[in-house]
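Participant: The structure under discussion is supplied below as C-alpha cells; questions concerning it will follow.
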Amino acid sequence: MPQASTTAAIRINQLGYLPNAPKVAVFCALAPIEVHEFLVADGAGKTILRRSAIPAKPFGPCVAIYRLDFSPIRTPGAYRIVASGTTSPVLRIRANAYAGAADTLLYYMREQRSGYNPLFKTIVHTRDGIVVDDSARAGKFVPVTGGWADASDYLQYVMTSSNATFVMLMAYRDHPAAFADHFDSRGLPEPNGTPDILDEARHGLEWLVRMFPSDSEMYNQLGDDRDHTYWDLPTTDSADYGWGKGKERPVYPCTGKPQGLFKYKNRSNGLASTAGKYASTFALAASTYRRSDPGFAARLHNKALAAYAIGKKFPGVCQGAPARAPYYYEEDNWVDDMELAAAELYALTHERIYLREALDYASREPVTPWMGADTAKHYEWYPWHNNGHYEIWRNANAADRKIVAEYYRKGLAKVAARADNGFRIGIPFIWCSNNLMASFATQAYLYRRMTGDNQFREYEQAALDWLFGTNPWGVSMVIGLPHDGAFAHDPHSVVAKEMHVELTGALLDGPVYSSIYKHLLGISLHDPDEYSLFNTGFIVYHDDVGDYSTNEPIMDGTANLSYLLAAMAARH
Ligand SMILES: [Ca+2]
Ligand SMILES: [Ca+2]
C-alpha cells in the first residue's frame, strides 16, 4: 500500500520491534492535522488494535506529531498502522529483530581496512609512514600500515580506532552469542574458527601496536587533510605529502603541544587522552587473548601499563592535527580515557590502586559534557559515552556501583529533559549526530542493565528507533539494515560511487542543524533532494554524495554501534 499522502507519514523502526520492548511509531504531518486514533492491522488486513494517538510537541519539519504506541501487541508478525488515511510501511515484531545486525556492521569495517583490504583484494597504503612534527624523530620511517580509514577519506586516528577496537572487544566479551564466524582474519569470506568481531578487533589492535612501538614513541595520526586534495580510491590514493603523489604519508606523534604544519593549529596540551585509549584497549585485549594467545596478551599487558604511565605523566589532550583546512578532531577531555584505562587495568591486575584511580577520574567528569548541551565542537567530548563507568561497575562493590550508576543517570536525565518532542530525541544535532544517538542509547541500556531502573527506557528505544527509520525522513541510518528498508543509496564515498558497491553496514554521520549545513565549506548537492519535503525544519539530512556532513559513513560510529546491536540481539 502506498502512502495515502505525501504531507504525512508514519515513521517506524524498519529493522523491527522486540516483542517485549516498547513499540512506538511516529505520525509526522507537514501541515496541521487532528489525529484521534490509529489502528494496527495484521498480515491478513484484520484490525487487531485500535488506540488513541498521543499528540506531541512538533519537531523539525513535523508540524503535527502523534505518537502511536502499539506496545500491547507482542505476537510476532508483520503489521501495518493506519492513521488518518496514512498507512505505515510493513512493521515487524520479532524476537530476532536484531539477530546478525552487529555482524552486518562489520562489512563496512572490512571495507575500510588499510593494509590488506578484502574488497580490493590487495594491500592499500603500503608506504606508511614518515614521522612529522617531532624534532627528535622527524623524517624517520615507521612501519604503520594497517588499521582502518576513518571515513570516506583515508586519514587514520588512534583516537577513533582505539575506541572502535575497544567497543568491539567489549561487545564480544558481553554478548559473544551475537557474533558469527563467516570471514577469516584478512576479511575474506571463509570461516577461520574466530568470531568475525574478534578478527576485526585484532586488525585494529595490530595497527595500534605499530602506532605505539616503544614506551617513548606514541603516535596519534596517520595522514592529514591534504588527503582531501583528490577524490580517489584507497588503491590509487594520490595525495602528496611532500614525498610524491601516492607515496609515504605523515605520522603524527603526541607531543603535548599545539600541532599543525600549516596555518591551523590544534590545542593539544598533553598525552593522556590518547595514552588512556591505548591503555584501556590493550588492557581489555590482554584479557581477551589471555588463553588463546598468551604471548600477544603479555605484550599487550606491558603496553597497557606503559601507556597508562605516560598518561599519568602527561595529563591533557592529544588532538587531531589539522593541515590545510580548519577542521580537526578537537577532543577536549582526557579524564574519561584515563578512567577507562584504570578500570581495565584493575580488571586485568586486580590491584586496588587502579580502582581508586578509576573512581577518582570518574568523579572529575561524571557526565560526558555534550549531554544536555545545545552544541559542541567537533568530537570535543569523545568517546561519545563513557564506558568507564560501566567497566568500574562490573568489578566494584555495591557503594561504588551506586556512585557510577548515578553518574550515568545524571547524563541521561539531561538528555531526556530536552526530549519532550514527538520523537523523544534530546541530543544536539552537531556533526556526527548519529554517534550521539547510538551512544545515548548505549548508555541508557548500560544504566538499565546496571540498575534495573526503566525510567529512560522510552528514550533509549526512541534513539534506537531513530537510527532505523523513526525519524522525519523515514530512513535507516545504517546502509543495508534492513536489506529491504529505506536507506542511503548515495553516500558520500568514493568507493561506493566508483566501485558501484553498497557500503553495507555503514553508519552515516546523520542529520545536522540546518545552520551548520549552510555554513560548511565546499558542500553542495549533486542531485535533486528526494527528502526535500522533510528538510524544512531545524535539522537536515540528504542522501546525496555531495553532502559530507550528513551522508558520510563513519568508521568509529559504526563500530560504536556494535555493542548496542549485539546487546539487543543477545537479550532475546
Ligand atoms: Ca572469523
Ligand atoms: Ca576523552
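The chains in the C-alpha cells are called A, B, ... from first to last as shown; in each chain the residues are counted from 1, and the ligands are counted from 1 in the order shown.
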Could you give me the residues within 10 Å of ligand 1, counting only C-alpha atoms and all ligand atoms, as a PyMOL selection string?
Facilitator: chain A and resi 179-200
Participant: Which residues form the shell of 6 Å around ligand 2 when you count only C-alpha atoms and all ligand atoms, given as a list in words?
Facilitator: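 Checking only C-alpha atoms and all ligand atoms against ligand 2 at 6 Å gives Ser273, Asn333, Trp334, Asp336, Asp337, Trp381, Tyr382 and Pro383 of chain A.
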Participant: Counting only C-alpha atoms, which residue out of A:Gly256, A:Pro326, A:Tyr264, A:Asn163 sits closest to Phe314 in chain A?
Facilitator: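 Counting only C-alpha atoms, the residue closest to Phe314 in chain A is A:Gly256.
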Participant: Per DSSP on the backbone, what are the strand (DSSP E) residues of range 90-156 of chain A, as JSON, numbers by chain?
Facilitator: {"A": [91, 92, 93, 115, 116, 117, 122, 123, 124, 130, 131, 156]}
Participant: Would you put the residues from that selection into a file with N, CA, C and O atoms, as a PDB file, in the first residue's frame?
Facilitator:
ATOM      1  N   LEU A  91       5.522  -3.204   9.336  1.00  0.00           N
ATOM      2  CA  LEU A  91       6.387  -3.250  10.518  1.00  0.00           C
ATOM      3  C   LEU A  91       6.402  -4.662  11.065  1.00  0.00           C
ATOM      4  O   LEU A  91       5.414  -5.400  10.977  1.00  0.00           O
ATOM      5  N   ARG A  92       7.543  -5.001  11.606  1.00  0.00           N
ATOM      6  CA  ARG A  92       7.745  -6.372  12.039  1.00  0.00           C
ATOM      7  C   ARG A  92       7.935  -6.424  13.544  1.00  0.00           C
ATOM      8  O   ARG A  92       8.677  -5.616  14.100  1.00  0.00           O
ATOM      9  N   ILE A  93       7.275  -7.375  14.161  1.00  0.00           N
ATOM     10  CA  ILE A  93       7.563  -7.692  15.560  1.00  0.00           C
ATOM     11  C   ILE A  93       8.183  -9.077  15.556  1.00  0.00           C
ATOM     12  O   ILE A  93       7.600 -10.021  15.017  1.00  0.00           O
ATOM     13  N   GLY A 115      46.067  -1.537   4.852  1.00  0.00           N
ATOM     14  CA  GLY A 115      46.795  -2.804   4.822  1.00  0.00           C
ATOM     15  C   GLY A 115      46.063  -3.698   3.836  1.00  0.00           C
ATOM     16  O   GLY A 115      45.557  -3.221   2.809  1.00  0.00           O
ATOM     17  N   TYR A 116      45.934  -5.001   4.144  1.00  0.00           N
ATOM     18  CA  TYR A 116      45.200  -5.858   3.211  1.00  0.00           C
ATOM     19  C   TYR A 116      43.723  -5.503   3.258  1.00  0.00           C
ATOM     20  O   TYR A 116      43.105  -5.502   4.319  1.00  0.00           O
ATOM     21  N   ASN A 117      43.161  -5.217   2.086  1.00  0.00           N
ATOM     22  CA  ASN A 117      41.750  -4.837   2.016  1.00  0.00           C
ATOM     23  C   ASN A 117      40.988  -5.890   1.215  1.00  0.00           C
ATOM     24  O   ASN A 117      41.281  -6.117   0.037  1.00  0.00           O
ATOM     25  N   THR A 122      43.879  -6.476  -2.218  1.00  0.00           N
ATOM     26  CA  THR A 122      45.286  -6.085  -2.313  1.00  0.00           C
ATOM     27  C   THR A 122      45.635  -5.258  -1.074  1.00  0.00           C
ATOM     28  O   THR A 122      44.754  -4.901  -0.292  1.00  0.00           O
ATOM     29  N   ILE A 123      46.918  -4.973  -0.912  1.00  0.00           N
ATOM     30  CA  ILE A 123      47.351  -4.143   0.217  1.00  0.00           C
ATOM     31  C   ILE A 123      47.268  -2.686  -0.199  1.00  0.00           C
ATOM     32  O   ILE A 123      47.801  -2.302  -1.245  1.00  0.00           O
ATOM     33  N   VAL A 124      46.566  -1.881   0.589  1.00  0.00           N
ATOM     34  CA  VAL A 124      46.460  -0.461   0.274  1.00  0.00           C
ATOM     35  C   VAL A 124      47.288   0.337   1.274  1.00  0.00           C
ATOM     36  O   VAL A 124      47.425  -0.048   2.427  1.00  0.00           O
ATOM     37  N   ILE A 130      55.969   8.417   7.433  1.00  0.00           N
ATOM     38  CA  ILE A 130      57.152   9.167   7.888  1.00  0.00           C
ATOM     39  C   ILE A 130      56.756  10.145   9.006  1.00  0.00           C
ATOM     40  O   ILE A 130      55.768  10.865   8.894  1.00  0.00           O
ATOM     41  N   VAL A 131      57.523  10.153  10.075  1.00  0.00           N
ATOM     42  CA  VAL A 131      57.218  10.982  11.246  1.00  0.00           C
ATOM     43  C   VAL A 131      57.378  12.462  10.892  1.00  0.00           C
ATOM     44  O   VAL A 131      58.348  12.861  10.241  1.00  0.00           O
ATOM     45  N   GLN A 156      43.749   8.309   9.352  1.00  0.00           N
ATOM     46  CA  GLN A 156      43.599   7.300  10.394  1.00  0.00           C
ATOM     47  C   GLN A 156      44.015   7.897  11.736  1.00  0.00           C
ATOM     48  O   GLN A 156      45.037   8.570  11.823  1.00  0.00           O
TER      49      GLN A 156
END
Participant: Within 9 Å of range 206-222 of chain A, counting only C-alpha atoms, which residues qualify if same-chain residues fewer than 2 places away don't, as a PyMOL selection string?
Facilitator: chain A and resi 128-129+131+142-148+154-159+161-162+201-204+224+249-255+271+274-275+278+282+300+303+306-307+310+318-321
